Structure formats: structure tokens, C-alpha cells
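S.K.: I am attaching a structure below and will ask some questions about it afterwards.
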Amino acid sequence: MYTSDDLIAAVKSAGFLPDASDLTDVELLGFADEAMTTFVGDALEKQCAEHWWASEDTSLVPGVTAYRLPRRLFGRAVRGVAIVDTRGDECPLDELDPIEMRSAFRAGSVGTPTHFAFEGDLVRLGQVPASAGVTLRIHYVRRPSRLVSVSTTEMARIYQAVNTTTLNLIETAPSTNLTAEGALLDIVRGSEPYDLVAVDRLSADDFAAPAFVLQPSTPIVVADFETLTSPLAPGAEPAWLVQRDQTPLPQIPNTMWSALVDHVLAAALGAVRDPQAQAIFARGQAKLGTALSIAKPRDKRNTKRIVGSTPLRRAVRGGVWR
């Protein structure tokens with residue numbers, strides 16, 4: 001597990017940056033956030049988007065055809081729009097140009113949605129059911145959370161999920177920014193891929209060490225959490241309770257760690273006009289390409305090739321089995 005503090009230390013070590021340099025730890029983490037949403041993020045989104053894959057469900061309201069895109073959407077990286085019927089079956093929708101949508105469907109059309117269009121930060125459906133019970137599901141790539149230092153007191157580690165609203169914390173005096181009633185919180189997984197276990201949970205302002213209580217309207221799934229002990233056993237990787245949109249763990253595959261260090265170092269050297277910045281950036285890009293080829297999920301089974309002149313081979317001639 002690599003933390004934001006590990007990243008700061010690695011950048012300083014690789015660049016021989018003294019502790020009293022012109023660049024603060026906050027600035028270094030700012031360079032890391034920039035790298036995560038540009039070079040690193042762009043490469044992940046194009047070649048390994050499943051690492052930041054997420055889905056968001058919204059209940060359809062009769063008469064309402066426009067719904068907002070997910071707040072945490074990375075750029076415009078929507079991977080699919082579907083409806084989920086009352087039986088739980090998911091049916092993908094076809095995309096139309098906004099003008100085509102308005103021509104094909106009258107305003108206020110009633111029926112099962114079949115098409116959608118993007119309009120600004122909205123998904124507009126051609127028609128909606130007359131009654132409730134159908135859900136709009138958007139599959140998308142979620143943007144990474146902002147990196148914050150582990151050394152701050154704005155986070156706490158979770159060693160056990162007692163039930164759907166109670167979490168046992170290692171810290172005995174967590175920040176009031178976490179415990180205040182109505183505080184918006186995220187929970188970050190402590191092991192790769194360091195994704196978000198839960199988002200937008202609300203504090204109930206009911207903390208009595210070690211029990212931290214969430215509001216009943218924003219429960220968690222107990223099975224999503226490992227059961228650890230306090231104090232932590234060696235090698236334990238607890239989840240982290242943090243303020244919304246923050247994380248102490250860079251949300252990338254471990255294979256990309258060295259590439260991220262180089263990109264942050266290149267930005268830091270560029271900020272102080274060091275001539276080595278461009279060379280370090282180029283090295284980081286090369287590492288990024290190698291890391292992506294390792295991190296990308298793929299089936300490595302040895303499947304048999306289709307050989308000879310078979311009906312299937314003739315049917316796909318001109319394709320991948322040529």
C-alpha cells in the first residue's frame with residue numbers, strides 16, 4: 001500500500017529535494033492531482049478504464065425526462081446508459097443526437113425508455129414510464145479523489161464494520177470534520193485498487209470510541225469490509241474514512257507507482273526551472289506505457305486457432321481470423 005506521504009517522500013528522494021525546498025508538501029500533492037487527471041488519468045481512461053469504473057442509479061420520476069450526469073464523472077467518460085426494470089433486468093439504451101431526439105419523441109412522451117441524448121450535463125430520455133419503479137443506470141469512469149496527506153487529522157482508519165451504520169475506528173479522537181452531524185464522507189479501500197467502498201455517507205454525530213455511527217439513510221455493506229483488529233496486525237490494510245472527494249491513497253494500480261512519482265517529480269523540477277524536468281517527464285511516460293500493458297486485464301488462456309477452410313472461417317474472412 002502506497003500513501004500520499006509515501007509519494008511525497010519518493011519524489012523528494014528521487015529529485016534530491018531538501019525538506020526546506022521552495023515546494024511544500026501540499027504543492028507536491030497538487031502536482032500529483034494534476035498528473036492523475038491528465039497524463040496518468042488519460043492513459044488509464046483509454047486503456048484501463050475498468051480501474052475507475054463506477055455505476056450510479058437514479059429512480060425515474062413520471063413526467064421527468066432529464067437527469068444529471070454523475071457528479072464524480074471523469075471528463076465525459078460515460079460508458080453506457082441503461083434502464084433497470086422492476087424485475088431488476090438491465091436494458092441498454094441507444095444514443096441519439098439531441099436534435100434527432102426531439103424529432104423522434106414528443107415532449108412528455110410516455111413509455112419504456114429506448115433512447116437517450118446528452119444535453120450539457122444532462123441525460124435526456126425520449127420517454128419515461130407513467131409510473132415509478134424503473135431506474136436509470138449510468139456506467140461511467142469516476143474521477144480520482146483529491147490527494148491529502150496522511151499526517152493530517154482529517155481522516156480515520158476503519159478496522160471493522162459492525163453493522164450497516166456502525167464502524168469501529170482505530171483513532172480514538174477523530175476530527176470533528178468527520179464526526180459532525182451531516183458531515184459528507186467517503187470510505188476508501190485500503191488495498192489495491194484503492195477504490196471507493198462507499199461515497200457520500202452522512203455522519204450521525206454519535207461517536208463513542210471505537211464506534212462511529214452513520215445516518216440510517218446512508219448505510220454501508222458490511223461484506224465490503226475486512227475484519228481486522230486494533231491495534232492493527234502487521235501488513236493489515238484498513239479502509240479509510242475521509243471527507244468527501246479526498247483520499248490518502250493514490251487511486252492507481254501499484255504497477256503505475258513509479259510512473260506517477262516521475263510525473264510529479266517532473267512537475268516539481270519544472271516549477272523550479274530545473275533543466276532535467278523534460279527528461280524525467282519522458283522517463284515517466286515510458287514507465288506509464290509499460291505499467292499499463294501489465295495492469296490491463298486480459299484473458300491469457302491458450303485458445304485454439306481456427307484453421308483450414310471452415311464455414312466459420314469463411315464467414316469472417318476479412319476479419320481478425322484472416
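The chains in the C-alpha cells are called A, B, ... from first to last as shown; in each chain the residues are counted from 1, and the ligands are counted from 1 in the order shown.
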So that I can check the surroundings of Asn163 (chain A), please list as a ChimeraX atom specification every protein, DNA and RNA residue that reaches within 10 Å of it, counting only C-alpha atoms and ignoring chain neighbours fewer than 2 positions away.
M.R.: /A:160-161,165-168,213,219-223
S.K.: May I have the residues within 7 Å of region 72-77 of chain A as a ChimeraX atom specification, using only C-alpha atoms and disregarding those fewer than 4 positions away in the same chain?
M.R.: /A:140-143
S.K.: Within 9 Å of Ser4 (chain A), counting only C-alpha atoms, which residues show up once you throw out same-chain ones fewer than 2 positions away? Write them as a list in words, please.
M.R.: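 The filter keeps Tyr2, Asp6, Leu7, Ile8, Ala9, Leu29, Leu147, Val148, Ser149, Val150, Thr247, Pro248, Leu249 and Pro250 of chain A.
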S.K.: Write a file of the selected residues as a PDB file, in the first residue's frame, keeping C-alpha atoms.
M.R.:
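And here is the file that came out, selection_1.pdb:
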ATOM      1  CA  TYR A   2       1.396   3.387  -1.021  1.00  0.00           C
ATOM      2  CA  ASP A   6       4.997   7.808   0.627  1.00  0.00           C
ATOM      3  CA  LEU A   7       4.552   9.706  -2.650  1.00  0.00           C
ATOM      4  CA  ILE A   8       5.943  12.927  -1.170  1.00  0.00           C
ATOM      5  CA  ALA A   9       8.939  11.064   0.277  1.00  0.00           C
ATOM      6  CA  LEU A  29       0.295  16.676  -3.875  1.00  0.00           C
ATOM      7  CA  LEU A 147      -4.877  13.549  -2.510  1.00  0.00           C
ATOM      8  CA  VAL A 148      -4.372  14.699   1.080  1.00  0.00           C
ATOM      9  CA  SER A 149      -1.526  13.921   3.467  1.00  0.00           C
ATOM     10  CA  VAL A 150      -1.910  11.037   5.900  1.00  0.00           C
ATOM     11  CA  THR A 247      -8.097  10.226  -0.311  1.00  0.00           C
ATOM     12  CA  PRO A 248      -4.753   9.423   1.336  1.00  0.00           C
ATOM     13  CA  LEU A 249      -4.070   6.703  -1.266  1.00  0.00           C
ATOM     14  CA  PRO A 250      -3.271   7.358  -4.946  1.00  0.00           C
TER      15      PRO A 250
END
S.K.: Extract, using only C-alpha atoms, all DNA, RNA and protein residues at most 12 Å from Thr114 (chain A), discarding same-chain residues fewer than 5 positions from it, and format them as a VMD selection string.
M.R.: chain A and resid 81 to 84 90 to 96 101 104 to 105 109 124 to 129 136
S.K.: Write out as a ChimeraX atom specification all residues of region 110-192 of chain A that backbone DSSP assigns to helix (DSSP H, G or I).
M.R.: /A:176-179
S.K.: By how many Å are CA of Leu169 (chain A) and CA of Pro238 (chain A) apart?
M.R.: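 For CA of Leu169 (chain A) relative to CA of Pro238 (chain A), the distance reads 9.6 Å.
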S.K.: Suppose you want the space between CA of Ile252 (chain A) and CA of Tyr194 (chain A); what is it in Å?
M.R.: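 Distance between the two atoms: 7.3 Å.
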S.K.: Nearest to Arg201 (chain A): which of A:Asp245, A:Leu288, A:Leu228, A:Thr172 is it, counting only C-alpha atoms?
M.R.: A:Asp245
S.K.: Quick one, how far is CA of Ile138 (chain A) from CA of Pro193 (chain A)?
M.R.: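 Spanning CA of Ile138 (chain A) to CA of Pro193 (chain A) is a straight-line distance of 21.3 Å.
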S.K.: Would you give me, as JSON, numbers by chain, the residues in region 113-228 of chain A that DSSP reads as strand (DSSP E)?
M.R.: {"A": [115, 116, 117, 118, 119, 122, 123, 124, 125, 135, 136, 137, 138, 139, 140, 141, 142, 146, 147, 155, 156, 157, 158, 159, 160, 161, 166, 167, 168, 169, 184, 185, 186, 187, 188, 196, 197, 198, 199, 200, 201, 202, 211, 212, 213]}
S.K.: Applying 12 Å and only C-alpha atoms, which residues near Leu185 (chain A) remain after dropping the ones on its own chain fewer than 3 positions away? List them as a PDB file with N, CA and C atoms, in the first residue's frame.
M.R.:
ATOM      1  N   GLU A 154      -7.542  14.739   9.369  1.00  0.00           N
ATOM      2  CA  GLU A 154      -8.860  14.797   8.734  1.00  0.00           C
ATOM      3  C   GLU A 154      -9.342  13.433   8.240  1.00  0.00           C
ATOM      4  N   MET A 155      -8.781  12.350   8.778  1.00  0.00           N
ATOM      5  CA  MET A 155      -9.181  11.014   8.343  1.00  0.00           C
ATOM      6  C   MET A 155      -8.991  10.039   9.490  1.00  0.00           C
ATOM      7  N   ALA A 156      -9.630   8.882   9.349  1.00  0.00           N
ATOM      8  CA  ALA A 156      -9.512   7.849  10.377  1.00  0.00           C
ATOM      9  C   ALA A 156      -9.540   6.481   9.703  1.00  0.00           C
ATOM     10  N   ASN A 177     -14.458  17.323  11.803  1.00  0.00           N
ATOM     11  CA  ASN A 177     -14.878  17.399  10.401  1.00  0.00           C
ATOM     12  C   ASN A 177     -15.432  16.059   9.921  1.00  0.00           C
ATOM     13  N   LEU A 178     -15.112  14.983  10.640  1.00  0.00           N
ATOM     14  CA  LEU A 178     -15.665  13.668  10.331  1.00  0.00           C
ATOM     15  C   LEU A 178     -16.898  13.360  11.169  1.00  0.00           C
ATOM     16  N   THR A 179     -16.872  13.746  12.421  1.00  0.00           N
ATOM     17  CA  THR A 179     -17.933  13.341  13.344  1.00  0.00           C
ATOM     18  C   THR A 179     -19.117  14.295  13.388  1.00  0.00           C
ATOM     19  N   ALA A 180     -18.958  15.517  12.896  1.00  0.00           N
ATOM     20  CA  ALA A 180     -20.052  16.486  12.968  1.00  0.00           C
ATOM     21  C   ALA A 180     -21.287  15.957  12.248  1.00  0.00           C
ATOM     22  N   GLU A 181     -22.434  16.198  12.811  1.00  0.00           N
ATOM     23  CA  GLU A 181     -23.667  15.684  12.217  1.00  0.00           C
ATOM     24  C   GLU A 181     -23.846  16.209  10.796  1.00  0.00           C
ATOM     25  N   GLY A 182     -24.110  15.281   9.875  1.00  0.00           N
ATOM     26  CA  GLY A 182     -24.330  15.647   8.488  1.00  0.00           C
ATOM     27  C   GLY A 182     -23.073  15.779   7.666  1.00  0.00           C
ATOM     28  N   VAL A 188     -12.478   4.845   1.640  1.00  0.00           N
ATOM     29  CA  VAL A 188     -11.514   4.412   0.635  1.00  0.00           C
ATOM     30  C   VAL A 188     -10.966   3.042   1.016  1.00  0.00           C
ATOM     31  N   LEU A 196     -13.258   3.464  -4.044  1.00  0.00           N
ATOM     32  CA  LEU A 196     -14.161   3.969  -3.019  1.00  0.00           C
ATOM     33  C   LEU A 196     -15.153   2.882  -2.638  1.00  0.00           C
ATOM     34  N   VAL A 197     -15.103   2.474  -1.394  1.00  0.00           N
ATOM     35  CA  VAL A 197     -16.039   1.453  -0.901  1.00  0.00           C
ATOM     36  C   VAL A 197     -17.435   2.044  -0.776  1.00  0.00           C
ATOM     37  N   ALA A 198     -17.499   3.288  -0.354  1.00  0.00           N
ATOM     38  CA  ALA A 198     -18.781   3.973  -0.190  1.00  0.00           C
ATOM     39  C   ALA A 198     -18.554   5.465  -0.380  1.00  0.00           C
ATOM     40  N   VAL A 199     -19.559   6.148  -0.910  1.00  0.00           N
ATOM     41  CA  VAL A 199     -19.442   7.584  -1.149  1.00  0.00           C
ATOM     42  C   VAL A 199     -20.640   8.317  -0.560  1.00  0.00           C
ATOM     43  N   ASP A 200     -20.399   9.571  -0.222  1.00  0.00           N
ATOM     44  CA  ASP A 200     -21.467  10.468   0.217  1.00  0.00           C
ATOM     45  C   ASP A 200     -22.257   9.919   1.401  1.00  0.00           C
ATOM     46  N   ARG A 201     -21.550   9.322   2.369  1.00  0.00           N
ATOM     47  CA  ARG A 201     -22.210   8.878   3.598  1.00  0.00           C
ATOM     48  C   ARG A 201     -22.292  10.049   4.568  1.00  0.00           C
ATOM     49  N   LEU A 202     -23.271  10.007   5.459  1.00  0.00           N
ATOM     50  CA  LEU A 202     -23.514  11.116   6.385  1.00  0.00           C
ATOM     51  C   LEU A 202     -23.240  10.692   7.817  1.00  0.00           C
ATOM     52  N   SER A 203     -22.471  11.509   8.519  1.00  0.00           N
ATOM     53  CA  SER A 203     -22.190  11.240   9.925  1.00  0.00           C
ATOM     54  C   SER A 203     -23.430  11.513  10.770  1.00  0.00           C
ATOM     55  N   ALA A 204     -23.602  10.687  11.802  1.00  0.00           N
ATOM     56  CA  ALA A 204     -24.746  10.860  12.699  1.00  0.00           C
ATOM     57  C   ALA A 204     -24.378  11.640  13.954  1.00  0.00           C
ATOM     58  N   VAL A 213     -20.815   6.223  14.028  1.00  0.00           N
ATOM     59  CA  VAL A 213     -22.153   5.904  13.539  1.00  0.00           C
ATOM     60  C   VAL A 213     -22.516   6.770  12.338  1.00  0.00           C
ATOM     61  N   LEU A 214     -23.062   6.125  11.310  1.00  0.00           N
ATOM     62  CA  LEU A 214     -23.573   6.813  10.128  1.00  0.00           C
ATOM     63  C   LEU A 214     -25.080   6.964  10.240  1.00  0.00           C
ATOM     64  N   GLN A 215     -25.618   7.923   9.509  1.00  0.00           N
ATOM     65  CA  GLN A 215     -27.066   8.089   9.497  1.00  0.00           C
ATOM     66  C   GLN A 215     -27.716   6.899   8.781  1.00  0.00           C
ATOM     67  N   THR A 218     -27.863   6.494   4.926  1.00  0.00           N
ATOM     68  CA  THR A 218     -26.672   6.246   4.098  1.00  0.00           C
ATOM     69  C   THR A 218     -25.885   5.065   4.660  1.00  0.00           C
ATOM     70  N   PRO A 219     -26.445   3.862   4.612  1.00  0.00           N
ATOM     71  CA  PRO A 219     -25.777   2.691   5.187  1.00  0.00           C
ATOM     72  C   PRO A 219     -24.630   2.193   4.310  1.00  0.00           C
ATOM     73  N   ILE A 220     -23.818   1.307   4.893  1.00  0.00           N
ATOM     74  CA  ILE A 220     -22.750   0.649   4.145  1.00  0.00           C
ATOM     75  C   ILE A 220     -23.094  -0.840   4.016  1.00  0.00           C
ATOM     76  N   TRP A 240     -10.207   3.613   4.900  1.00  0.00           N
ATOM     77  CA  TRP A 240     -10.017   4.956   5.435  1.00  0.00           C
ATOM     78  C   TRP A 240     -11.323   5.744   5.343  1.00  0.00           C
ATOM     79  N   LEU A 241     -11.698   6.357   6.445  1.00  0.00           N
ATOM     80  CA  LEU A 241     -12.842   7.263   6.499  1.00  0.00           C
ATOM     81  C   LEU A 241     -12.323   8.677   6.279  1.00  0.00           C
ATOM     82  N   VAL A 242     -12.794   9.341   5.230  1.00  0.00           N
ATOM     83  CA  VAL A 242     -12.251  10.654   4.857  1.00  0.00           C
ATOM     84  C   VAL A 242     -13.381  11.605   4.501  1.00  0.00           C
ATOM     85  N   GLN A 243     -13.049  12.890   4.430  1.00  0.00           N
ATOM     86  CA  GLN A 243     -14.017  13.856   3.929  1.00  0.00           C
ATOM     87  C   GLN A 243     -14.277  13.586   2.446  1.00  0.00           C
ATOM     88  N   ARG A 244     -15.463  13.934   1.985  1.00  0.00           N
ATOM     89  CA  ARG A 244     -15.854  13.653   0.609  1.00  0.00           C
ATOM     90  C   ARG A 244     -14.842  14.226  -0.385  1.00  0.00           C
ATOM     91  N   ASP A 245     -14.555  13.414  -1.421  1.00  0.00           N
ATOM     92  CA  ASP A 245     -13.661  13.796  -2.519  1.00  0.00           C
ATOM     93  C   ASP A 245     -12.198  13.858  -2.114  1.00  0.00           C
ATOM     94  N   GLN A 246     -11.838  13.279  -0.979  1.00  0.00           N
ATOM     95  CA  GLN A 246     -10.437  13.234  -0.561  1.00  0.00           C
ATOM     96  C   GLN A 246      -9.975  11.778  -0.428  1.00  0.00           C
ATOM     97  N   THR A 247      -8.661  11.562  -0.516  1.00  0.00           N
ATOM     98  CA  THR A 247      -8.097  10.226  -0.311  1.00  0.00           C
ATOM     99  C   THR A 247      -6.637  10.340   0.111  1.00  0.00           C
TER     100      THR A 247
END
